[in-house]
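Participant: Compact mmCIF, C-alpha atoms, saved as start.txt, coming up:
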# COMPACT_ATOMS: atom_id res chain seq x y z
CA MET A 1 83.92 167.24 99.84
CA ASP A 2 87.17 167.20 101.78
CA ILE A 3 88.88 170.22 103.31
CA TRP A 4 91.33 170.74 100.42
CA SER A 5 88.75 170.54 97.66
CA ALA A 6 86.57 172.96 99.66
CA ALA A 7 89.53 175.36 100.06
CA ILE A 8 90.38 175.18 96.34
CA THR A 9 86.74 175.75 95.38
CA LEU A 10 86.48 178.77 97.70
CA PHE A 11 89.78 180.13 96.36
CA LEU A 12 88.59 179.80 92.76
CA ILE A 13 85.34 181.58 93.62
CA MET A 14 87.23 184.43 95.33
CA ASP A 15 89.27 184.77 92.09
CA PRO A 16 92.11 186.95 93.46
CA LEU A 17 94.08 186.91 90.19
CA GLY A 18 91.01 188.03 88.26
CA ASN A 19 90.42 190.76 90.85
CA LEU A 20 94.01 192.07 90.76
CA PRO A 21 93.40 194.71 88.06
CA VAL A 22 90.33 195.98 89.94
CA PHE A 23 92.18 196.20 93.26
CA MET A 24 95.11 197.98 91.63
CA SER A 25 92.85 200.50 89.90
CA VAL A 26 90.88 201.22 93.11
CA LEU A 27 94.02 201.61 95.25
CA LYS A 28 96.27 203.46 92.77
CA SER A 29 94.99 206.91 93.82
CA ILE A 30 95.80 206.19 97.50
CA GLU A 31 99.32 206.93 98.75
CA PRO A 32 101.49 203.77 98.94
CA LYS A 33 101.90 203.76 102.75
CA ARG A 34 98.13 203.96 103.25
CA ARG A 35 97.42 201.43 100.47
CA ARG A 36 98.61 198.43 102.50
CA VAL A 37 96.57 199.49 105.55
CA VAL A 38 93.41 199.84 103.43
CA LEU A 39 94.01 196.46 101.79
CA ILE A 40 94.53 194.68 105.14
CA ARG A 41 91.40 196.34 106.56
CA GLU A 42 89.29 195.28 103.55
CA LEU A 43 90.65 191.72 103.73
CA LEU A 44 89.76 191.47 107.44
CA PHE A 45 86.25 192.83 106.79
CA SER A 46 85.74 190.24 104.06
CA LEU A 47 86.90 187.42 106.38
CA ILE A 48 84.50 188.51 109.14
CA ILE A 49 81.60 188.67 106.67
CA MET A 50 82.41 185.25 105.20
CA MET A 51 82.78 183.63 108.63
CA GLY A 52 79.44 185.15 109.63
CA PHE A 53 77.78 183.59 106.59
CA LEU A 54 79.47 180.25 107.19
CA PHE A 55 78.20 180.00 110.78
CA SER A 56 74.80 181.61 110.28
CA GLY A 57 74.12 179.88 106.95
CA GLN A 58 72.24 176.95 108.50
CA ALA A 59 70.08 179.30 110.60
CA VAL A 60 69.23 181.35 107.50
CA LEU A 61 68.24 178.20 105.59
CA ASP A 62 66.13 176.93 108.49
CA PHE A 63 64.41 180.31 108.81
CA LEU A 64 63.63 180.37 105.08
CA SER A 65 62.68 176.64 105.03
CA VAL A 66 65.14 176.04 102.19
CA LYS A 67 66.45 172.51 101.59
CA GLN A 68 70.03 171.53 100.81
CA GLU A 69 69.17 170.45 97.25
CA THR A 70 67.77 173.91 96.52
CA VAL A 71 70.94 175.60 97.76
CA SER A 72 73.10 173.20 95.74
CA ILE A 73 71.16 173.88 92.53
CA ALA A 74 71.06 177.67 93.15
CA GLY A 75 74.77 177.71 94.09
CA GLY A 76 75.62 175.80 90.92
CA ILE A 77 73.69 178.28 88.77
CA ILE A 78 75.31 181.29 90.49
CA LEU A 79 78.80 179.81 90.15
CA PHE A 80 78.11 179.01 86.51
CA LEU A 81 77.13 182.63 85.80
CA ILE A 82 80.20 183.95 87.68
CA ALA A 83 82.43 181.54 85.73
CA LEU A 84 80.94 182.74 82.43
CA LYS A 85 81.80 186.33 83.39
CA MET A 86 85.36 185.21 84.16
CA ILE A 87 85.69 183.56 80.74
CA PHE A 88 83.83 186.30 78.83
CA PRO A 89 84.47 189.51 80.84
CA GLN A 90 82.22 192.51 80.29
CA PRO A 91 83.74 195.94 79.59
CA GLY A 92 83.14 198.79 82.00
CA GLY A 93 84.10 199.85 85.47
CA VAL A 94 83.17 197.95 88.61
CA THR A 95 84.04 200.36 91.40
CA GLY A 96 81.86 203.45 91.10
CA LEU A 97 84.19 205.37 93.43
CA PRO A 98 85.20 209.00 92.80
CA ALA A 99 88.92 209.45 92.10
CA GLY A 100 91.04 209.59 95.26
CA GLU A 101 88.30 208.32 97.59
CA GLU A 102 89.35 205.54 99.95
CA PRO A 103 87.19 202.41 99.67
CA PHE A 104 85.42 201.23 102.82
CA ILE A 105 83.91 197.72 102.71
CA VAL A 106 82.43 198.37 99.23
CA PRO A 107 83.66 197.50 96.59
CA LEU A 108 86.78 195.62 97.78
CA ALA A 109 85.56 193.59 100.79
CA ILE A 110 82.09 193.24 99.25
CA PRO A 111 81.59 192.20 96.44
CA MET A 112 85.16 191.71 95.16
CA ILE A 113 86.29 189.23 97.87
CA ALA A 114 83.08 188.31 99.73
CA GLY A 115 80.76 188.32 96.75
CA PRO A 116 77.36 186.64 96.39
CA SER A 117 78.87 183.47 94.92
CA ILE A 118 81.26 182.86 97.83
CA LEU A 119 78.52 183.59 100.36
CA ALA A 120 76.20 181.11 98.60
CA ALA A 121 79.00 178.52 98.57
CA LEU A 122 79.59 179.01 102.31
CA ILE A 123 75.90 178.52 103.08
CA LEU A 124 76.01 175.38 100.95
CA LEU A 125 79.05 174.04 102.83
CA ALA A 126 77.47 174.76 106.20
CA ASN A 127 74.27 173.02 105.11
CA GLN A 128 76.12 170.07 103.59
CA ASP A 129 77.53 168.80 106.88
CA HIS A 130 77.05 170.97 109.97
CA SER A 131 79.27 168.66 112.07
CA ARG A 132 82.32 169.66 109.97
CA MET A 133 82.26 173.39 110.69
CA LEU A 134 85.92 173.29 111.80
CA ASP A 135 86.88 171.80 108.42
CA TRP A 136 84.88 174.42 106.54
CA SER A 137 86.41 177.20 108.69
CA LEU A 138 89.93 175.92 107.94
CA ALA A 139 89.10 175.68 104.22
CA LEU A 140 87.81 179.26 104.25
CA LEU A 141 90.87 180.51 106.17
CA ALA A 142 93.23 178.74 103.75
CA ALA A 143 91.47 180.16 100.68
CA TRP A 144 91.32 183.64 102.25
CA PHE A 145 95.00 183.49 103.27
CA VAL A 146 96.20 182.64 99.75
CA THR A 147 93.90 185.34 98.35
CA ALA A 148 95.32 187.85 100.86
CA ILE A 149 98.92 186.99 99.88
CA ILE A 150 98.15 187.40 96.17
CA LEU A 151 96.42 190.74 96.74
CA MET A 152 99.14 192.02 99.10
CA PHE A 153 101.76 191.32 96.41
CA SER A 154 99.57 192.51 93.54
CA ASN A 155 102.29 194.64 91.94
CA LEU A 156 104.69 191.68 91.86
CA PHE A 157 102.09 189.32 90.33
CA HIS A 158 101.17 191.94 87.75
CA ARG A 159 104.83 192.42 86.78
CA VAL A 160 105.57 188.66 86.60
CA LEU A 161 102.40 187.53 84.80
CA GLY A 162 101.62 190.66 82.82
CA GLU A 163 98.16 191.68 81.64
CA ARG A 164 97.83 188.75 79.23
CA GLY A 165 98.99 186.25 81.88
CA LEU A 166 96.40 187.50 84.37
CA ILE A 167 93.67 187.25 81.73
CA ALA A 168 94.73 183.71 80.81
CA ILE A 169 94.74 182.57 84.46
CA GLU A 170 91.33 184.14 85.07
CA ARG A 171 89.89 182.31 82.03
CA LEU A 172 91.42 179.03 83.24
CA MET A 173 89.90 179.56 86.71
CA GLY A 174 86.58 180.26 85.01
CA MET A 175 86.74 176.94 83.15
CA ILE A 176 87.50 175.03 86.37
CA LEU A 177 84.69 176.87 88.14
CA ILE A 178 82.24 175.92 85.37
CA MET A 179 83.04 172.24 85.99
CA ILE A 180 82.55 172.67 89.75
CA SER A 181 79.26 174.53 89.23
CA ILE A 182 77.87 171.86 86.92
CA GLN A 183 78.81 169.17 89.45
CA MET A 184 77.00 171.14 92.18
CA LEU A 185 73.96 171.45 89.92
CA LEU A 186 73.96 167.71 89.12
CA ASP A 187 74.40 166.80 92.80
CA GLY A 188 71.43 168.99 93.75
CA ILE A 189 69.22 167.53 91.01
CA GLY A 190 70.29 163.99 91.96
CA LYS A 191 69.44 164.57 95.64
CA PHE A 192 66.11 166.12 94.71
CA TYR A 193 65.09 163.16 92.53
CA SER A 194 66.24 160.64 95.14
CA LEU A 195 63.86 162.25 97.66
CA VAL A 196 60.86 162.37 95.31
Just dump the structure as structure tokens.

Facilitator:
Amino acid sequence: MDIWSAAITLFLIMDPLGNLPVFMSVLKSIEPKRRRVVLIRELLFSLIIMMGFLFSGQAVLDFLSVKQETVSIAGGIILFLIALKMIFPQPGGVTGLPAGEEPFIVPLAIPMIAGPSILAALILLANQDHSRMLDWSLALLAAWFVTAIILMFSNLFHRVLGERGLIAIERLMGMILIMISIQMLLDGIGKFYSLV
């Protein structure tokens, strides 16, 4: 996987366009001047968490005695389930915050940006080729930066695309993510059978 395909994969997993309605609903009760500060803080928290997982991923796998094929298969299954939720969204709230309360780390930084699927993907990248940590860091920064821009201009994107446009883009991202997840699953199974 090259740096650009890694960045695109991470961006698709972060799903900023799909998360726009959630971010807007969580932040709407906060005064506009404070809203941007909260959003920047949550974005920075998510970046720190993701970088931590990227660099400690190999140590976690070594500690748990987990092989790369296992992570690839598990990551593929997790991404597949996330993609299904993007294509067939479930009704109901996701925040669990009382009205007017300012979010802190949960639910915006975790799990909306740095969710289980992105953390699993980062561990997989780190385990795939530990000598390319600079590439993976740049891919993560690129994906995070584009996500941050989209979320910072959430009102503009919502006005331009509309509710139906956002739903359509989220479904399209879900379809692309399903293809990536199946490829990860097949790669993991192929590596497993080549070792047996």

Participant: What is the CA of Phe192 in chain A-CA of Val71 in chain A distance in Å, reported with one decimal?

Facilitator: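 Computing it gives 11.1 Å between the two atoms.
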
Participant: For Leu12 in chain A, which of A:Asn127, A:Ser56, A:Ser181, A:Ser137 is the closest residue, counting all atoms listed in the file?

Facilitator: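 Looking only at the distances to Leu12 in chain A, the closest residue turns out to be A:Ser181.
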
Participant: Pull the neighbourhood of (99.5, 200.6, 100.5) for me: all residues within 12 Å in file coordinates, counting all atoms listed in the file, as a ChimeraX atom specification.

Facilitator: /A:23-24,26-42,102,151-155

Participant: What lies within 12 Å of His158 in chain A using only C-alpha atoms, ignoring chain neighbours under 2 positions off, as a PyMOL selection string?

Facilitator: chain A and resi 16-24+150-156+160-167+169

Participant: So, with all atoms listed in the file as the atoms that count, which of A:Ile149, A:Leu122, A:Ile180, A:Leu186 lies closest to Phe55 in chain A?

Facilitator: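 When distances to Phe55 in chain A are compared using all atoms listed in the file, the smallest one comes from A:Leu122.
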
Participant: Which residue is closest to Leu185 in chain A? Choose from A:Ile118, A:Met86, A:Leu64, A:Leu124 and count only C-alpha atoms.

Facilitator: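 Selected residue with least distance to Leu185 in chain A: A:Leu124.
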
Participant: Please indicate the distance in Å from CA of Met133 in chain A to CA of Ile78 in chain A, rounded to one decimal place.

Facilitator: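 Calculated distance between CA of Met133 in chain A and CA of Ile78 in chain A is 22.8 Å.
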
Participant: In terms of the shortest atom-to-atom distance over only C-alpha atoms, which of A:Ile189, A:Gly174, A:Phe145, A:Ser194 is closest to Ile87 in chain A?

Facilitator: A:Gly174

Participant: Please export range 162-178 of chain A as a compact mmCIF listing (two decimals), in the first residue's frame, restricted to N, CA and C atoms.

Facilitator:
# COMPACT_ATOMS: atom_id res chain seq x y z
N GLY A 162 -26.59 19.55 0.94
CA GLY A 162 -27.92 19.23 1.43
C GLY A 162 -27.94 17.88 2.14
N GLU A 163 -29.06 17.59 2.77
CA GLU A 163 -29.19 16.34 3.54
C GLU A 163 -29.08 15.12 2.62
N ARG A 164 -29.75 15.19 1.47
CA ARG A 164 -29.72 14.05 0.54
C ARG A 164 -28.32 13.86 -0.05
N GLY A 165 -27.62 14.94 -0.33
CA GLY A 165 -26.27 14.85 -0.87
C GLY A 165 -25.31 14.21 0.11
N LEU A 166 -25.42 14.59 1.38
CA LEU A 166 -24.58 13.99 2.42
C LEU A 166 -24.85 12.50 2.56
N ILE A 167 -26.13 12.13 2.50
CA ILE A 167 -26.50 10.71 2.61
C ILE A 167 -25.93 9.93 1.42
N ALA A 168 -26.05 10.51 0.23
CA ALA A 168 -25.55 9.83 -0.98
C ALA A 168 -24.04 9.64 -0.91
N ILE A 169 -23.31 10.66 -0.46
CA ILE A 169 -21.85 10.56 -0.37
C ILE A 169 -21.46 9.53 0.69
N GLU A 170 -22.17 9.51 1.80
CA GLU A 170 -21.87 8.52 2.85
C GLU A 170 -22.09 7.10 2.33
N ARG A 171 -23.16 6.88 1.57
CA ARG A 171 -23.42 5.55 1.00
C ARG A 171 -22.32 5.16 0.01
N LEU A 172 -21.89 6.13 -0.80
CA LEU A 172 -20.82 5.87 -1.77
C LEU A 172 -19.53 5.50 -1.04
N MET A 173 -19.20 6.24 0.01
CA MET A 173 -18.01 5.93 0.81
C MET A 173 -18.13 4.54 1.43
N GLY A 174 -19.33 4.18 1.85
CA GLY A 174 -19.57 2.86 2.40
C GLY A 174 -19.29 1.76 1.37
N MET A 175 -19.71 1.98 0.13
CA MET A 175 -19.46 1.00 -0.93
C MET A 175 -17.97 0.83 -1.19
N ILE A 176 -17.24 1.95 -1.24
CA ILE A 176 -15.79 1.89 -1.46
C ILE A 176 -15.12 1.18 -0.30
N LEU A 177 -15.58 1.47 0.91
CA LEU A 177 -15.01 0.85 2.11
C LEU A 177 -15.27 -0.65 2.15
N ILE A 178 -16.41 -1.08 1.63
CA ILE A 178 -16.70 -2.52 1.56
C ILE A 178 -15.67 -3.21 0.66
